[in-house]
Amino acid sequence: MLEVSALSCRRGERCLFSALDLQLAPGQLLHLQGSNGSGKTTLLRALCGLLHPDAGQIRWHGEPIERLAEDYYRDLLYLGHLNGIKGDLTGLENLRIACRLSGQPASDGAIAGALARIGLGGFEDLPCRMLSQGQKKRVALARLLLSKAPLWILDEPFSALDLGAVALLDELIRVHVEDGGLVVLTTHQALTLAVGQQLNLNLDATTPSLVPSLVPALMPGPDPAATIMEPAC
Ligand SMILES: Nc1ncnc2c1ncn2[C@@H]1O[C@H](COP(=O)(O)OP(=O)(O)OP(=O)(O)O)[C@@H](O)[C@H]1O
């Protein structure tokens, strides 16, 4: 169980969100939405322990994440929107390092298998700077196939992907949630993915609130013409 209580975050002079409460249980997905600059990445980084909130607490299985430290990071797979891919390394080398750093080393055979499944068979030994944006994204997403972490935090995982890769990622997320995993993700698009237990959180709301949704889960997207509302910190 991931629990957020009374979380507040400022960046510069702006209060991005305040007094935010949420709970995510095994087998649930949280779709985080909001306009550009509303604080989605900030919230994800706070959930990963990469950024200290101004107030509030984040607990994993009842323990504050800063106390759990490595025990929390072992349970967490975070894919940021910049992919975390080193251009001078091959896909295989990038994944070998990422798996080791996450405490779950993978064999080269397993990594090559994951790259093949994600549509990069034959590209394993190419430096990633020579891959297209979508192919780099696929290298990063191959970590989903190699990780045993129950909690996936994914920042814009669908960006730059073609239709085939979107369908594959939909499937990976759906199976993970059905198997009792937890997923927090951001997208600017409506989510086509259908999972049984989906929550939506829109940071554009003055007081962000959690909305459980039916399947398929579609929340109205943010209105680009809408005035940006400042939550009170
Ligand atoms: N290091 C920083 N110092 C000051 N302000 C920052 C910093 N990082 C981000 N911000 C500001 O915090 C706000 C929220 O940024 P964030 O990246 O969380 O938004 P987002 O909702 O993920 O946006 P997008 O949809 O464009 O990716 C932005 O206004 C941004 O300028």
# chains A, B, ... in the order shown; residues from 1 in each chain; ligands from 1
call {"tool": "residues_around", "arguments": {"residues": "range 139-156 of chain A", "least_positions_apart": "2", "cutoff": "8 Å", "atoms": "only C-alpha atoms", "output": "ChimeraX atom specification"}}
result
/A:41,44,48,74-81,83-85,91,95,98-99,104,106,110-111,114-115,118,120,135-137,158-159,172,180-188
call {"tool": "residues_near_ligand", "arguments": {"ligand": "ligand 1", "cutoff": "8 Å", "atoms": "only C-alpha atoms and all ligand atoms", "output": "mmCIF file with N, CA, C and O atoms, in the first residue's frame"}}
result
data_model
loop_
_atom_site.group_PDB
_atom_site.id
_atom_site.type_symbol
_atom_site.label_atom_id
_atom_site.label_comp_id
_atom_site.auth_asym_id
_atom_site.auth_seq_id
_atom_site.Cartn_x
_atom_site.Cartn_y
_atom_site.Cartn_z
ATOM 1 N N ARG A 10 6.056 23.141 -2.980
ATOM 2 C CA ARG A 10 6.263 24.435 -3.651
ATOM 3 C C ARG A 10 7.445 24.283 -4.595
ATOM 4 O O ARG A 10 8.379 23.565 -4.304
ATOM 5 N N ARG A 11 7.425 24.967 -5.715
ATOM 6 C CA ARG A 11 8.615 25.115 -6.553
ATOM 7 C C ARG A 11 8.754 26.597 -6.808
ATOM 8 O O ARG A 11 7.847 27.209 -7.349
ATOM 9 N N GLY A 12 9.897 27.166 -6.381
ATOM 10 C CA GLY A 12 10.041 28.607 -6.479
ATOM 11 C C GLY A 12 8.955 29.264 -5.644
ATOM 12 O O GLY A 12 8.721 28.900 -4.502
ATOM 13 N N ARG A 14 5.768 29.185 -6.441
ATOM 14 C CA ARG A 14 4.457 28.580 -6.705
ATOM 15 C C ARG A 14 4.187 27.384 -5.818
ATOM 16 O O ARG A 14 5.045 26.510 -5.633
ATOM 17 N N LEU A 16 2.443 24.068 -5.809
ATOM 18 C CA LEU A 16 1.941 23.169 -6.854
ATOM 19 C C LEU A 16 0.754 22.353 -6.362
ATOM 20 O O LEU A 16 -0.223 22.162 -7.079
ATOM 21 N N GLN A 33 -3.046 13.434 -13.844
ATOM 22 C CA GLN A 33 -3.226 14.351 -14.972
ATOM 23 C C GLN A 33 -3.023 15.792 -14.526
ATOM 24 O O GLN A 33 -3.021 16.085 -13.325
ATOM 25 N N GLY A 34 -2.913 16.670 -15.489
ATOM 26 C CA GLY A 34 -2.754 18.089 -15.202
ATOM 27 C C GLY A 34 -2.041 18.765 -16.353
ATOM 28 O O GLY A 34 -1.324 18.118 -17.121
ATOM 29 N N SER A 35 -2.225 20.061 -16.469
ATOM 30 C CA SER A 35 -1.622 20.801 -17.577
ATOM 31 C C SER A 35 -0.113 20.927 -17.373
ATOM 32 O O SER A 35 0.407 20.612 -16.294
ATOM 33 N N ASN A 36 0.569 21.397 -18.398
ATOM 34 C CA ASN A 36 2.022 21.592 -18.312
ATOM 35 C C ASN A 36 2.346 22.466 -17.106
ATOM 36 O O ASN A 36 1.748 23.527 -16.910
ATOM 37 N N GLY A 37 3.285 22.003 -16.298
ATOM 38 C CA GLY A 37 3.718 22.789 -15.145
ATOM 39 C C GLY A 37 2.832 22.653 -13.919
ATOM 40 O O GLY A 37 3.048 23.329 -12.913
ATOM 41 N N SER A 38 1.843 21.770 -13.976
ATOM 42 C CA SER A 38 0.921 21.649 -12.828
ATOM 43 C C SER A 38 1.548 20.889 -11.659
ATOM 44 O O SER A 38 1.023 20.949 -10.542
ATOM 45 N N GLY A 39 2.628 20.160 -11.913
ATOM 46 C CA GLY A 39 3.324 19.511 -10.794
ATOM 47 C C GLY A 39 3.336 17.988 -10.837
ATOM 48 O O GLY A 39 3.689 17.344 -9.848
ATOM 49 N N LYS A 40 3.007 17.419 -11.989
ATOM 50 C CA LYS A 40 2.939 15.948 -12.085
ATOM 51 C C LYS A 40 4.306 15.308 -11.823
ATOM 52 O O LYS A 40 4.439 14.413 -10.988
ATOM 53 N N THR A 41 5.331 15.806 -12.544
ATOM 54 C CA THR A 41 6.671 15.238 -12.352
ATOM 55 C C THR A 41 7.155 15.489 -10.932
ATOM 56 O O THR A 41 7.781 14.623 -10.308
ATOM 57 N N THR A 42 6.838 16.653 -10.406
ATOM 58 C CA THR A 42 7.229 16.974 -9.025
ATOM 59 C C THR A 42 6.625 15.958 -8.056
ATOM 60 O O THR A 42 7.317 15.441 -7.170
ATOM 61 N N LEU A 43 5.345 15.656 -8.251
ATOM 62 C CA LEU A 43 4.695 14.680 -7.363
ATOM 63 C C LEU A 43 5.323 13.292 -7.538
ATOM 64 O O LEU A 43 5.596 12.603 -6.552
ATOM 65 N N HIS A 188 -0.637 12.874 -21.077
ATOM 66 C CA HIS A 188 -1.456 14.014 -21.494
ATOM 67 C C HIS A 188 -2.626 13.536 -22.343
ATOM 68 O O HIS A 188 -3.535 14.297 -22.638
ATOM 69 N N LEU A 203 -4.251 17.459 -11.142
ATOM 70 C CA LEU A 203 -3.622 18.517 -10.351
ATOM 71 C C LEU A 203 -4.083 19.907 -10.762
ATOM 72 O O LEU A 203 -3.705 20.893 -10.127
#
call {"tool": "atom_distance", "arguments": {"atom1": "CA of Gln133 in chain A", "atom2": "CA of Leu92 in chain A"}}
result
16.7 Å
call {"tool": "atom_distance", "arguments": {"atom1": "CA of Leu101 in chain A", "atom2": "CA of Cys9 in chain A"}}
result
28.1 Å
call {"tool": "closest_residue", "arguments": {"among": "A:Asp204, A:Asp88, A:Glu178, A:Asp21", "to": "Met130 in chain A", "atoms": "only C-alpha atoms"}}
result
A:Asp88
call {"tool": "select_by_dssp", "arguments": {"residues": "chain A", "states": "alpha helix (DSSP H)", "output": "PyMOL selection string"}}
result
chain A and resi 40-47+65-68+70-74+91-101+108-117+133-146+163-178
call {"tool": "decode", "arguments": {"residues": "range 59-72 of chain A", "atoms": "all heavy atoms", "output": "tab-separated table (two decimals), in the first residue's frame"}}
result
chain	number	residue	atom	x	y	z
A	59	ARG	N	4.13	7.00	2.78
A	59	ARG	CA	4.41	5.73	3.46
A	59	ARG	C	4.26	4.58	2.48
A	59	ARG	O	3.38	4.60	1.62
A	59	ARG	CB	3.43	5.50	4.62
A	59	ARG	CG	3.64	6.41	5.80
A	59	ARG	CD	2.81	5.91	6.98
A	59	ARG	NE	3.07	6.69	8.18
A	59	ARG	CZ	2.46	7.82	8.45
A	59	ARG	NH1	1.57	8.30	7.61
A	59	ARG	NH2	2.75	8.48	9.55
A	60	TRP	N	5.11	3.60	2.66
A	60	TRP	CA	5.03	2.35	1.89
A	60	TRP	C	4.86	1.23	2.90
A	60	TRP	O	5.69	1.10	3.80
A	60	TRP	CB	6.30	2.18	1.05
A	60	TRP	CG	6.42	0.90	0.27
A	60	TRP	CD1	7.39	-0.05	0.41
A	60	TRP	CD2	5.59	0.46	-0.81
A	60	TRP	NE1	7.20	-1.06	-0.50
A	60	TRP	CE2	6.10	-0.77	-1.27
A	60	TRP	CE3	4.45	0.98	-1.44
A	60	TRP	CZ2	5.52	-1.50	-2.31
A	60	TRP	CZ3	3.87	0.26	-2.47
A	60	TRP	CH2	4.40	-0.96	-2.90
A	61	HIS	N	3.79	0.50	2.79
A	61	HIS	CA	3.45	-0.55	3.77
A	61	HIS	C	3.52	0.00	5.19
A	61	HIS	O	4.06	-0.65	6.10
A	61	HIS	CB	4.37	-1.76	3.62
A	61	HIS	CG	4.25	-2.44	2.28
A	61	HIS	ND1	3.04	-2.60	1.64
A	61	HIS	CD2	5.19	-2.97	1.46
A	61	HIS	CE1	3.25	-3.22	0.49
A	61	HIS	NE2	4.53	-3.44	0.35
A	62	GLY	N	3.05	1.23	5.36
A	62	GLY	CA	2.92	1.81	6.69
A	62	GLY	C	4.16	2.51	7.21
A	62	GLY	O	4.09	3.16	8.25
A	63	GLU	N	5.30	2.41	6.49
A	63	GLU	CA	6.56	3.03	6.98
A	63	GLU	C	6.91	4.23	6.12
A	63	GLU	O	6.78	4.17	4.89
A	63	GLU	CB	7.72	2.04	6.88
A	63	GLU	CG	7.66	0.87	7.84
A	63	GLU	CD	7.94	1.29	9.27
A	63	GLU	OE1	8.73	2.23	9.48
A	63	GLU	OE2	7.33	0.69	10.18
A	64	PRO	N	7.38	5.31	6.71
A	64	PRO	CA	7.82	6.45	5.91
A	64	PRO	C	8.93	6.02	4.92
A	64	PRO	O	9.84	5.28	5.32
A	64	PRO	CB	8.37	7.44	6.95
A	64	PRO	CG	7.74	7.03	8.23
A	64	PRO	CD	7.53	5.56	8.16
A	65	ILE	N	8.83	6.49	3.68
A	65	ILE	CA	9.78	6.00	2.66
A	65	ILE	C	11.22	6.39	2.98
A	65	ILE	O	12.14	5.65	2.65
A	65	ILE	CB	9.39	6.43	1.23
A	65	ILE	CG1	9.35	7.97	1.09
A	65	ILE	CG2	8.07	5.81	0.81
A	65	ILE	CD1	9.19	8.43	-0.36
A	66	GLU	N	11.41	7.55	3.66
A	66	GLU	CA	12.79	7.94	3.96
A	66	GLU	C	13.40	7.01	5.01
A	66	GLU	O	14.61	6.79	5.03
A	66	GLU	CB	12.90	9.41	4.38
A	66	GLU	CG	12.12	9.81	5.60
A	66	GLU	CD	10.66	10.18	5.29
A	66	GLU	OE1	10.18	9.88	4.17
A	66	GLU	OE2	10.00	10.75	6.18
A	67	ARG	N	12.56	6.41	5.83
A	67	ARG	CA	13.08	5.45	6.81
A	67	ARG	C	13.39	4.12	6.11
A	67	ARG	O	14.37	3.45	6.43
A	67	ARG	CB	12.07	5.24	7.94
A	67	ARG	CG	12.67	4.53	9.14
A	67	ARG	CD	11.66	4.32	10.26
A	67	ARG	NE	11.06	5.55	10.74
A	67	ARG	CZ	9.88	5.61	11.36
A	67	ARG	NH1	9.19	4.51	11.58
A	67	ARG	NH2	9.41	6.76	11.77
A	68	LEU	N	12.55	3.75	5.15
A	68	LEU	CA	12.77	2.47	4.46
A	68	LEU	C	13.98	2.52	3.53
A	68	LEU	O	14.67	1.52	3.33
A	68	LEU	CB	11.53	2.11	3.62
A	68	LEU	CG	10.31	1.66	4.38
A	68	LEU	CD1	9.12	1.56	3.45
A	68	LEU	CD2	10.57	0.31	5.04
A	69	ALA	N	14.21	3.69	2.94
A	69	ALA	CA	15.35	3.93	2.03
A	69	ALA	C	15.51	2.76	1.04
A	69	ALA	O	14.65	2.57	0.19
A	69	ALA	CB	16.61	4.18	2.83
A	70	GLU	N	16.59	2.00	1.13
A	70	GLU	CA	16.89	0.96	0.13
A	70	GLU	C	15.76	-0.07	0.02
A	70	GLU	O	15.51	-0.59	-1.07
A	70	GLU	CB	18.20	0.23	0.48
A	70	GLU	CG	19.44	1.10	0.38
A	70	GLU	CD	19.58	1.72	-1.01
A	70	GLU	OE1	19.34	1.01	-2.00
A	70	GLU	OE2	19.92	2.92	-1.09
A	71	ASP	N	15.11	-0.36	1.14
A	71	ASP	CA	14.02	-1.34	1.09
A	71	ASP	C	12.88	-0.83	0.21
A	71	ASP	O	12.18	-1.61	-0.44
A	71	ASP	CB	13.49	-1.63	2.50
A	71	ASP	CG	14.50	-2.43	3.31
A	71	ASP	OD1	15.34	-3.10	2.69
A	71	ASP	OD2	14.45	-2.36	4.56
A	72	TYR	N	12.68	0.49	0.22
A	72	TYR	CA	11.65	1.08	-0.65
A	72	TYR	C	12.14	1.06	-2.10
A	72	TYR	O	11.40	0.66	-3.01
A	72	TYR	CB	11.35	2.50	-0.20
A	72	TYR	CG	10.32	3.22	-1.05
A	72	TYR	CD1	9.04	2.69	-1.22
A	72	TYR	CD2	10.62	4.43	-1.68
A	72	TYR	CE1	8.09	3.36	-1.99
A	72	TYR	CE2	9.67	5.09	-2.44
A	72	TYR	CZ	8.41	4.55	-2.60
A	72	TYR	OH	7.46	5.20	-3.37
